[in-house]
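What follows is a set of notes on a single structure, which appears directly below.
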Amino acid sequence: MKSPITRRVFCRSMGSGFAFAALPQTFAQVLKDRPEGLSLGIGNYGMQSYKANEAIRLIADLKYDAIELTVMPEWDSSPDKLTGERRRTVRRMLADTGLALTSLMENLTPSVTDAEHQKTLERLKLAAELGQDLAPDSPPLIQTVLGGGDWSEKKELFRDRLGDWRRIAESTKTVIAIKPHRSGAMSQPEQAAWLLEQLGSSPWMGMIYDYSHYAMRGLSVAETVKAAFPTTVQIVVKDVMKKGDQFEFALPGEANTFDHAEILTAFYKSGYRRSVCCEVSSQVFRRPVYDAAAAAKSCYDFMSRIFEKAGIPRPR
């Protein structure tokens, strides 16, 4: 009889990087020796006032399995702020808490200007280096949206610039994941899939799936999962609600616009065995009254119930 899988072992196996990057076909292909289940995490994007170590402690205390660190310049977990001994401290905290560092959040826009493009490549390199330092056995992926504009006008620029991103991903052995955004030039999973196909099959490039960007747009869960599944490297969860003519993001479970269990079930039945990451949108954390700890707990409580509803196991 196999020994029980501990929370720490499970989380490490659910990490973002090298083990999954070795897959020959799709990111979501099941490995026979991987535990059955998905990890539940949250990022510190909605914890900008917290130091990195404070965010890690809060997330661990709430019993999450995984964490995403924001590496944009304004956050304490950016590469230029996490240096030297601070990196070693964060690495020890991740090991001690058993939290899997599944991803790093960036915000990079492919530019027509070569100088700006080089700055983007440098930020990708610095983020990859940070990920390697914090989780060398299973480096986190780097996820980003691609900015606004018109898809028909931007798609070739995206394709050409992402070709250089791919070379960074391959040289650093770090997965880079692009995320469709409802207000971005790339706003649908089919568009992200087209870009990834144009780049050629690579275990180092993938897609982030976040249905809040597809809801109330005539795009069903079934069709978006079908388009996204083959290259999805992380599921992100939050809600969206309509206010007048505008759409506003909300905490998971706050709007009840769609069924999160349907999403997890569809991916899980297809063979997805990676992380589910709660996202606290800037539209939430910029509200006049906002409590980061309360928001993180609300996400955890709701998504824990969703896992139970879907019958999907998590680390013990």
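How things are named: the first chain in the structure tokens is A, the next is B, and so on; residues count from 1 in each chain; ligands count from 1 in the order shown.
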*asked:* Quick check for you: according to DSSP on this backbone, which residues of range 131-244 of chain A are classed as helix (DSSP H, G or I)? Reply as a VMD selection string.
replied: chain A and resid 131 to 134 151 to 172 189 to 199 211 to 213 221 to 231
Writer output for current selection, N, CA and C atoms, as a compact mmCIF listing (two decimals), in the first residue's frame:
# COMPACT_ATOMS: atom_id res chain seq x y z
N GLY A 131 11.72 33.26 -9.78
CA GLY A 131 11.02 31.99 -9.63
C GLY A 131 11.97 30.83 -9.38
N GLN A 132 13.09 30.82 -10.10
CA GLN A 132 14.09 29.77 -9.92
C GLN A 132 14.70 29.84 -8.52
N ASP A 133 14.92 31.03 -8.02
CA ASP A 133 15.50 31.18 -6.68
C ASP A 133 14.52 30.76 -5.58
N LEU A 134 13.25 31.05 -5.76
CA LEU A 134 12.26 30.77 -4.72
C LEU A 134 11.79 29.32 -4.73
N TRP A 151 -7.88 43.22 -31.88
CA TRP A 151 -7.22 41.96 -32.15
C TRP A 151 -6.68 41.89 -33.58
N SER A 152 -7.47 42.31 -34.54
CA SER A 152 -7.04 42.21 -35.93
C SER A 152 -5.81 43.06 -36.21
N GLU A 153 -5.65 44.13 -35.44
CA GLU A 153 -4.49 45.00 -35.62
C GLU A 153 -3.29 44.56 -34.80
N LYS A 154 -3.53 43.85 -33.71
CA LYS A 154 -2.45 43.53 -32.77
C LYS A 154 -1.94 42.09 -32.89
N LYS A 155 -2.70 41.19 -33.49
CA LYS A 155 -2.35 39.77 -33.39
C LYS A 155 -0.99 39.44 -34.00
N GLU A 156 -0.62 40.08 -35.07
CA GLU A 156 0.68 39.79 -35.69
C GLU A 156 1.83 40.35 -34.85
N LEU A 157 1.62 41.53 -34.26
CA LEU A 157 2.61 42.07 -33.33
C LEU A 157 2.78 41.13 -32.15
N PHE A 158 1.66 40.68 -31.57
CA PHE A 158 1.72 39.74 -30.45
C PHE A 158 2.50 38.49 -30.84
N ARG A 159 2.18 37.92 -31.99
CA ARG A 159 2.86 36.71 -32.45
C ARG A 159 4.37 36.93 -32.56
N ASP A 160 4.76 38.04 -33.17
CA ASP A 160 6.18 38.29 -33.40
C ASP A 160 6.93 38.54 -32.10
N ARG A 161 6.35 39.33 -31.21
CA ARG A 161 7.02 39.61 -29.94
C ARG A 161 7.04 38.39 -29.04
N LEU A 162 5.97 37.61 -29.06
CA LEU A 162 5.93 36.41 -28.22
C LEU A 162 6.93 35.35 -28.69
N GLY A 163 7.37 35.46 -29.93
CA GLY A 163 8.43 34.58 -30.37
C GLY A 163 9.70 34.78 -29.54
N ASP A 164 10.00 36.04 -29.20
CA ASP A 164 11.14 36.33 -28.32
C ASP A 164 10.84 35.91 -26.89
N TRP A 165 9.58 36.06 -26.46
CA TRP A 165 9.20 35.60 -25.13
C TRP A 165 9.44 34.10 -25.01
N ARG A 166 9.10 33.39 -26.08
CA ARG A 166 9.29 31.94 -26.05
C ARG A 166 10.76 31.59 -25.86
N ARG A 167 11.64 32.32 -26.52
CA ARG A 167 13.07 32.03 -26.36
C ARG A 167 13.53 32.27 -24.93
N ILE A 168 12.96 33.29 -24.28
CA ILE A 168 13.26 33.52 -22.85
C ILE A 168 12.76 32.34 -22.03
N ALA A 169 11.53 31.90 -22.33
CA ALA A 169 10.93 30.78 -21.59
C ALA A 169 11.79 29.53 -21.72
N GLU A 170 12.24 29.24 -22.93
CA GLU A 170 13.03 28.04 -23.16
C GLU A 170 14.40 28.12 -22.50
N SER A 171 15.02 29.28 -22.59
CA SER A 171 16.38 29.41 -22.04
C SER A 171 16.38 29.39 -20.52
N THR A 172 15.29 29.86 -19.90
CA THR A 172 15.21 29.89 -18.43
C THR A 172 14.43 28.70 -17.87
N PRO A 189 -10.29 32.60 -25.64
CA PRO A 189 -9.32 31.50 -25.64
C PRO A 189 -8.90 31.09 -27.04
N GLU A 190 -9.80 31.22 -28.03
CA GLU A 190 -9.43 30.87 -29.40
C GLU A 190 -8.28 31.74 -29.91
N GLN A 191 -8.25 33.00 -29.46
CA GLN A 191 -7.19 33.91 -29.88
C GLN A 191 -5.86 33.54 -29.25
N ALA A 192 -5.90 33.20 -27.96
CA ALA A 192 -4.68 32.75 -27.30
C ALA A 192 -4.19 31.44 -27.93
N ALA A 193 -5.13 30.55 -28.25
CA ALA A 193 -4.75 29.28 -28.88
C ALA A 193 -4.11 29.53 -30.24
N TRP A 194 -4.63 30.50 -30.98
CA TRP A 194 -4.04 30.84 -32.29
C TRP A 194 -2.60 31.32 -32.13
N LEU A 195 -2.37 32.19 -31.15
CA LEU A 195 -1.01 32.68 -30.92
C LEU A 195 -0.06 31.54 -30.57
N LEU A 196 -0.50 30.66 -29.69
CA LEU A 196 0.36 29.55 -29.29
C LEU A 196 0.61 28.59 -30.45
N GLU A 197 -0.39 28.42 -31.30
CA GLU A 197 -0.19 27.57 -32.48
C GLU A 197 0.80 28.21 -33.44
N GLN A 198 0.70 29.53 -33.60
CA GLN A 198 1.61 30.25 -34.48
C GLN A 198 3.06 30.15 -34.01
N LEU A 199 3.23 30.12 -32.70
CA LEU A 199 4.57 30.02 -32.13
C LEU A 199 5.17 28.63 -32.28
N TYR A 211 -12.73 32.26 -16.58
CA TYR A 211 -14.04 32.40 -17.22
C TYR A 211 -14.69 33.75 -16.95
N SER A 212 -14.25 34.48 -15.94
CA SER A 212 -14.85 35.80 -15.70
C SER A 212 -14.66 36.73 -16.90
N HIS A 213 -13.70 36.43 -17.75
CA HIS A 213 -13.47 37.24 -18.94
C HIS A 213 -14.32 36.80 -20.13
N VAL A 221 -19.23 27.89 -20.93
CA VAL A 221 -18.14 27.19 -20.25
C VAL A 221 -17.63 26.07 -21.14
N ALA A 222 -18.52 25.29 -21.71
CA ALA A 222 -18.12 24.12 -22.50
C ALA A 222 -17.24 24.51 -23.68
N GLU A 223 -17.63 25.54 -24.42
CA GLU A 223 -16.86 25.89 -25.61
C GLU A 223 -15.52 26.54 -25.25
N THR A 224 -15.49 27.31 -24.17
CA THR A 224 -14.23 27.94 -23.79
C THR A 224 -13.26 26.93 -23.20
N VAL A 225 -13.77 25.98 -22.42
CA VAL A 225 -12.91 24.93 -21.89
C VAL A 225 -12.34 24.10 -23.03
N LYS A 226 -13.16 23.78 -24.01
CA LYS A 226 -12.70 22.98 -25.14
C LYS A 226 -11.56 23.68 -25.88
N ALA A 227 -11.69 24.99 -26.06
CA ALA A 227 -10.66 25.75 -26.77
C ALA A 227 -9.41 25.92 -25.95
N ALA A 228 -9.57 26.06 -24.63
CA ALA A 228 -8.43 26.40 -23.77
C ALA A 228 -7.70 25.19 -23.22
N PHE A 229 -8.41 24.09 -23.01
CA PHE A 229 -7.85 22.96 -22.28
C PHE A 229 -6.47 22.49 -22.75
N PRO A 230 -6.25 22.30 -24.04
CA PRO A 230 -4.98 21.70 -24.46
C PRO A 230 -3.73 22.45 -24.01
N THR A 231 -3.84 23.76 -23.79
CA THR A 231 -2.66 24.54 -23.40
C THR A 231 -2.86 25.30 -22.09
With 10 Å as the cut-off and only C-alpha atoms counted, what is the closest atom pair between each nearby residue of range 33-58 of chain A and range 70-82 of chain A? Distances in Å to one decimal, ordered by chain and number, as CSV.
residue,atom,partner,partner_atom,distance
A:Gly43,CA,A:Thr70,CA,7.0
A:Asn44,CA,A:Thr70,CA,6.2
A:Tyr45,CA,A:Thr70,CA,5.6
A:Gly46,CA,A:Thr70,CA,9.3
A:Met47,CA,A:Trp75,CA,8.6
A:Gln48,CA,A:Trp75,CA,5.7
A:Ser49,CA,A:Trp75,CA,8.1
A:Tyr50,CA,A:Asp76,CA,7.4
A:Lys51,CA,A:Asp76,CA,5.6
A:Ala52,CA,A:Ser77,CA,5.4
A:Asn53,CA,A:Ser77,CA,8.9
A:Ala55,CA,A:Ser77,CA,9.6
_Can you tell me, as a PyMOL selection string, which residues in range 131-224 of chain A count as strand (DSSP E or B) by DSSP?_
chain A and resi 141-144+176-178+205-209
I need the chosen residues saved as an mmCIF file, in the first residue's frame, with C-alpha atoms.
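After the write, result-v7.cif holds the following:
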data_model
loop_
_atom_site.group_PDB
_atom_site.id
_atom_site.type_symbol
_atom_site.label_atom_id
_atom_site.label_comp_id
_atom_site.auth_asym_id
_atom_site.auth_seq_id
_atom_site.Cartn_x
_atom_site.Cartn_y
_atom_site.Cartn_z
ATOM 1 C CA LEU A 141 5.021 29.976 -14.351
ATOM 2 C CA ILE A 142 4.832 33.658 -15.298
ATOM 3 C CA GLN A 143 1.390 34.875 -16.319
ATOM 4 C CA THR A 144 0.399 38.119 -18.012
ATOM 5 C CA ILE A 176 5.144 31.824 -19.752
ATOM 6 C CA ALA A 177 1.342 31.926 -19.852
ATOM 7 C CA ILE A 178 -0.814 34.441 -21.690
ATOM 8 C CA MET A 205 4.262 28.541 -23.475
ATOM 9 C CA GLY A 206 0.695 28.187 -22.253
ATOM 10 C CA MET A 207 -2.624 29.843 -21.478
ATOM 11 C CA ILE A 208 -4.402 31.016 -18.329
ATOM 12 C CA TYR A 209 -8.113 30.173 -18.162
#
*Just give me the gap between CA of Asp259 in chain A and CA of Leu104 in chain A in Å, one decimal is fine.*
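For CA of Asp259 in chain A relative to CA of Leu104 in chain A, the distance reads 26.2 Å.
The shortest atom-to-atom distance to Leu62 in chain A, with only C-alpha atoms taken into account, belongs to A:Ala293 out of A:Ala293, A:Arg305, A:Met241, A:Thr120.
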*Please identify all polymer residues within 6 Å of Ala310 in chain A, counting only C-alpha atoms, omitting same-chain residues fewer than 3 positions from it, and present them as an MDAnalysis selection string.*
chainID A and resid 261 265 307
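Residue nearest Phe302 in chain A, chosen from A:Gly253, A:Pro288, A:Pro315, A:Gly184 and counting only C-alpha atoms: A:Gly253.
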*For CA of Ala135 in chain A and CA of Glu54 in chain A, determine how far apart the two atoms are, in Å to one decimal place.*
18.2 Å
_Residue with smallest distance to Ala60 in chain A - pool A:Gly84, A:Gly149, A:Pro140, A:Gly98, counting only C-alpha atoms_ =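 The shortest atom-to-atom distance to Ala60 in chain A comes from A:Gly98.
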*Compile the contact shell of Glu36 in chain A as a PyMOL selection string: residues with an atom at most 9 Å away, counting only C-alpha atoms, same-chain residues fewer than 4 positions apart removed.*
chain A and resi 273+312-314
*Between CA of His260 in chain A and CA of Ile306 in chain A, what is the distance, to one decimal in Å?*
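Computed distance, CA of His260 in chain A to CA of Ile306 in chain A, equals 6.8 Å.
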*Compare A:Met93, A:Met105, A:Ile56, A:Ile263 by their minimum atom-to-atom distance to Arg123 in chain A, counting only C-alpha atoms, and give me the closest one.*
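For Arg123 in chain A, the nearest of the given residues is A:Met105.
When only C-alpha atoms are used to compute distances to Gln246 in chain A, the closest of the residues A:Met216, A:Leu264, A:Leu40, A:Met303 turns out to be A:Met216.
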*Return the single residue from A:Arg274, A:Arg87, A:Arg217, A:Lys173 that is closest to Trp204 in chain A, with distances computed using only C-alpha atoms.*
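Closest to Trp204 in chain A of all the choices is A:Lys173.
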